[in-house]
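Student: Take this structure first; my questions come after.
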Protein chains: 2
Amino acid sequence: MTPTTLPLAPSKDVQAGPCCAPIAREPLTEDDAAELAALLKAVADPVRLRLLSMIGSHPGGEACVCDLTDVFDLTAPTISHHLKVLRTAGLIGSERRGTWVYYWIIPAQVARLGALFTPLTEPTHA
Amino acid sequence: MTPTTLPLAPSKDVQAGPCCAPIAREPLTEDDAAELAALLKAVADPVRLRLLSMIGSHPGGEACVCDLTDVFDLTAPTISHHLKVLRTAGLIGSERRGTWVYYWIIPAQVARLGALFTPLTEPTHA
DNA sequence: CTATCATTTAGACAGATATCGAACCACCCC
DNA sequence: GGGGTGGTTCGATATCTGTCTAAATGATAG
């Protein structure tokens, strides 16, 4: 067999200590995988990713739909559809206040995504 | 679906402290969003999520294809397809050693996903 | 050379997804 | 109340995606 020395050695020291993100620590069950995949699908779209970041970074932590629509070359129904996907996934909340509808990020759900892929030690830190 | 229920917490003080994951700190550019969405799409599938976790949690940090196929009710070409998607996204590497082909996780790319959604401070906490 | 493991290709098909236009609903203002 | 504006929902369509079968290819061990 003469293993040609393990090919790993990614020159990253990520696997020192506690080792690895949760996704790499133990096999996901079928159910967990299905649920997480649904959550990930909600963010696996350029428009929704931008919507999420625009909402999150908007002054006050929330954004009116009217702030969002103009940025995209998409019709209002399409934006509405994407917002609904994010809301259904539990990533954002919404409320109508008078004429306008406001959206905000639900940090716990976003953090859930992060935790999946983030090593227990320090993340990027640059 | 009318948003009849008010959000439990006032949406305005959701951000206390250093605030937020990168995704919520500033609006993503169109290009960044497209690139990240492509990466996310690679993991936004139950089978690929399980493959990733099975590879990552396998003893030695790598898994032979033969270890993976039996777990799923899928044909070999389909598994091969999913592995290719993960490899193309840069999330896993592969090498043939003798008869078998081995796969391993590329931690840096996985961590990139995590960093997107992970707050600089504490993660979800529950 | 033959058998095995894995990938690739091609074609096919069902289901999901992104998008649009039009209809609809909720609210404010006169 | 009536009218206008902001958003959502509905219905239709075109594309994308996951999966299969079947067959071909490549690489390796015996």
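Order determines the names: the first chain of the structure tokens is A, the second B, and so forth; residues in each chain are numbered 1 upward, and ligands are numbered 1 upward as they are shown.
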After least-squares alignment of chain A to chain B over all Cα atoms in order, what RMSD do you get?
Tutor: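 Here the C-alpha RMSD works out to 3.9 Å.
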Student: Using DSSP on the backbone coordinates, identify all residues within chain A classified as helix (DSSP H, G or I); present the result as a ChimeraX atom specification.
Tutor: /A:22-24,30-43,46-57,59-61,65-69,76-88,107-117
Student: I want to know what sits within 10 Å of segment 7-22 of chain D, based on only C-alpha atoms (C1' of nucleotides), with residues of the same chain fewer than 2 positions away left out; could you give that as a count of residues only?
Tutor: 40
Student: Find the nearest atom pair between each residue of chain B and chain A for residues within 6 Å, count only C-alpha atoms, give distances in Å to one decimal, sort rows by chain and ascending number, and present the table as JSON lines.
Tutor:
{"residue": "B:Ile23", "atom": "CA", "partner": "A:Ser53", "partner_atom": "CA", "distance": 5.0}
{"residue": "B:Ala24", "atom": "CA", "partner": "A:Gly56", "partner_atom": "CA", "distance": 4.1}
{"residue": "B:Arg25", "atom": "CA", "partner": "A:Ser57", "partner_atom": "CA", "distance": 4.8}
{"residue": "B:Glu26", "atom": "CA", "partner": "A:Ser57", "partner_atom": "CA", "distance": 4.9}
{"residue": "B:Pro27", "atom": "CA", "partner": "A:Met54", "partner_atom": "CA", "distance": 4.8}
{"residue": "B:Leu28", "atom": "CA", "partner": "A:Arg50", "partner_atom": "CA", "distance": 5.6}
{"residue": "B:Ala33", "atom": "CA", "partner": "A:Pro46", "partner_atom": "CA", "distance": 4.8}
{"residue": "B:Ala34", "atom": "CA", "partner": "A:Pro46", "partner_atom": "CA", "distance": 4.9}
{"residue": "B:Ala37", "atom": "CA", "partner": "A:Ala44", "partner_atom": "CA", "distance": 4.7}
{"residue": "B:Leu40", "atom": "CA", "partner": "A:Ala44", "partner_atom": "CA", "distance": 4.9}
{"residue": "B:Lys41", "atom": "CA", "partner": "A:Ala44", "partner_atom": "CA", "distance": 5.0}
{"residue": "B:Ala44", "atom": "CA", "partner": "A:Ala37", "partner_atom": "CA", "distance": 4.7}
{"residue": "B:Asp45", "atom": "CA", "partner": "A:Ala37", "partner_atom": "CA", "distance": 5.0}
{"residue": "B:Pro46", "atom": "CA", "partner": "A:Ala33", "partner_atom": "CA", "distance": 4.8}
{"residue": "B:Arg50", "atom": "CA", "partner": "A:Leu28", "partner_atom": "CA", "distance": 5.6}
{"residue": "B:Ser53", "atom": "CA", "partner": "A:Ala24", "partner_atom": "CA", "distance": 4.7}
{"residue": "B:Met54", "atom": "CA", "partner": "A:Pro27", "partner_atom": "CA", "distance": 4.8}
{"residue": "B:Gly56", "atom": "CA", "partner": "A:Ala24", "partner_atom": "CA", "distance": 4.1}
{"residue": "B:Ser57", "atom": "CA", "partner": "A:Arg25", "partner_atom": "CA", "distance": 4.8}
{"residue": "B:Val110", "atom": "CA", "partner": "A:Phe117", "partner_atom": "CA", "distance": 5.8}
{"residue": "B:Ala111", "atom": "CA", "partner": "A:Thr118", "partner_atom": "CA", "distance": 5.5}
{"residue": "B:Gly114", "atom": "CA", "partner": "A:Gly114", "partner_atom": "CA", "distance": 4.3}
{"residue": "B:Phe117", "atom": "CA", "partner": "A:Gly114", "partner_atom": "CA", "distance": 4.3}
{"residue": "B:Thr118", "atom": "CA", "partner": "A:Gly114", "partner_atom": "CA", "distance": 4.5}
{"residue": "B:Pro123", "atom": "CA", "partner": "A:Ala111", "partner_atom": "CA", "distance": 5.7}
{"residue": "B:Thr124", "atom": "CA", "partner": "A:Ala111", "partner_atom": "CA", "distance": 5.2}
Student: Residues of the last selection are to be written out with C-alpha atoms, as a PDB file, in the first residue's frame.
Tutor:
ATOM      1  CA  ILE B  23     -23.437  39.398   6.024  1.00  0.00           C
ATOM      2  CA  ALA B  24     -25.252  41.926   8.181  1.00  0.00           C
ATOM      3  CA  ARG B  25     -22.552  44.520   8.443  1.00  0.00           C
ATOM      4  CA  GLU B  26     -22.543  45.949   4.991  1.00  0.00           C
ATOM      5  CA  PRO B  27     -24.354  45.301   1.743  1.00  0.00           C
ATOM      6  CA  LEU B  28     -22.795  42.658  -0.431  1.00  0.00           C
ATOM      7  CA  ALA B  33     -23.229  37.781  -3.679  1.00  0.00           C
ATOM      8  CA  ALA B  34     -23.014  35.734  -6.850  1.00  0.00           C
ATOM      9  CA  ALA B  37     -24.376  32.040  -3.555  1.00  0.00           C
ATOM     10  CA  LEU B  40     -23.729  28.066  -0.680  1.00  0.00           C
ATOM     11  CA  LYS B  41     -25.600  26.217  -3.388  1.00  0.00           C
ATOM     12  CA  ALA B  44     -27.609  23.518   0.134  1.00  0.00           C
ATOM     13  CA  ASP B  45     -28.524  19.929  -0.520  1.00  0.00           C
ATOM     14  CA  PRO B  46     -29.232  17.188   1.997  1.00  0.00           C
ATOM     15  CA  ARG B  50     -24.313  14.453   4.619  1.00  0.00           C
ATOM     16  CA  SER B  53     -20.119  15.538   7.257  1.00  0.00           C
ATOM     17  CA  MET B  54     -19.354  11.909   6.581  1.00  0.00           C
ATOM     18  CA  GLY B  56     -15.105  15.231   7.616  1.00  0.00           C
ATOM     19  CA  SER B  57     -15.916  12.952  10.491  1.00  0.00           C
ATOM     20  CA  VAL B 110     -15.709  25.549   4.879  1.00  0.00           C
ATOM     21  CA  ALA B 111     -14.592  28.202   7.313  1.00  0.00           C
ATOM     22  CA  GLY B 114     -18.966  29.948   8.594  1.00  0.00           C
ATOM     23  CA  PHE B 117     -22.753  34.112   9.192  1.00  0.00           C
ATOM     24  CA  THR B 118     -20.856  34.103  12.436  1.00  0.00           C
ATOM     25  CA  PRO B 123     -22.432  32.726  18.299  1.00  0.00           C
ATOM     26  CA  THR B 124     -25.956  31.521  18.820  1.00  0.00           C
TER      27      THR B 124
END
Student: Output as a list in words the set of chain C residues within 12 Å of chain B, with distances taken over only C-alpha atoms (C1' of nucleotides).
Tutor: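 Every residue of chain C that passes the 12 Å test is in DT4, DC5, DA6, DT7, DT8, DT9, DC25 and DA26 of chain C.
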Student: What's the 12 Å shell around DT2 of chain C, counting only C-alpha atoms (C1' of nucleotides), without same-chain residues fewer than 3 positions away, as an MDAnalysis selection string?
Tutor: chainID D and resid 28:30
Student: Give me every strand (DSSP E or B) residue in chain B, going by DSSP on the backbone, as a short mmCIF file (atom, residue, chain, number, x, y, z; two decimals) with N, CA and C atoms, in the first residue's frame.
Tutor:
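Final output, part_16.cif:
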data_model
loop_
_atom_site.label_atom_id
_atom_site.label_comp_id
_atom_site.auth_asym_id
_atom_site.auth_seq_id
_atom_site.Cartn_x
_atom_site.Cartn_y
_atom_site.Cartn_z
N GLU B 62 -10.40 11.50 6.12
CA GLU B 62 -10.74 11.28 4.72
C GLU B 62 -11.55 10.00 4.59
N ALA B 63 -12.29 9.93 3.51
CA ALA B 63 -13.16 8.78 3.30
C ALA B 63 -13.06 8.30 1.87
N CYS B 64 -13.15 7.00 1.74
CA CYS B 64 -13.17 6.38 0.41
C CYS B 64 -14.60 6.45 -0.11
N ILE B 92 -14.01 20.16 -1.07
CA ILE B 92 -13.32 18.91 -0.79
C ILE B 92 -12.23 18.68 -1.84
N GLY B 93 -11.27 17.87 -1.46
CA GLY B 93 -10.23 17.46 -2.38
C GLY B 93 -10.30 15.95 -2.56
N SER B 94 -9.65 15.44 -3.58
CA SER B 94 -9.71 14.00 -3.81
C SER B 94 -8.40 13.50 -4.38
N GLU B 95 -8.17 12.25 -4.17
CA GLU B 95 -6.97 11.62 -4.71
C GLU B 95 -7.22 10.13 -4.85
N ARG B 96 -6.69 9.58 -5.90
CA ARG B 96 -6.78 8.13 -6.08
C ARG B 96 -5.56 7.48 -5.45
N ARG B 97 -5.81 6.48 -4.62
CA ARG B 97 -4.70 5.72 -4.05
C ARG B 97 -4.97 4.26 -4.30
N TRP B 100 -8.81 2.66 -4.78
CA TRP B 100 -9.87 3.52 -4.29
C TRP B 100 -9.56 5.01 -4.38
N VAL B 101 -10.62 5.77 -4.39
CA VAL B 101 -10.50 7.22 -4.42
C VAL B 101 -10.90 7.77 -3.06
N TYR B 102 -10.07 8.64 -2.54
CA TYR B 102 -10.32 9.21 -1.22
C TYR B 102 -10.68 10.69 -1.32
N TYR B 103 -11.53 11.11 -0.41
CA TYR B 103 -11.94 12.52 -0.35
C TYR B 103 -11.66 13.07 1.02
N TRP B 104 -11.35 14.35 1.06
CA TRP B 104 -11.16 15.02 2.35
C TRP B 104 -11.70 16.44 2.25
N ILE B 105 -11.98 17.00 3.39
CA ILE B 105 -12.51 18.35 3.46
C ILE B 105 -11.40 19.37 3.35
#
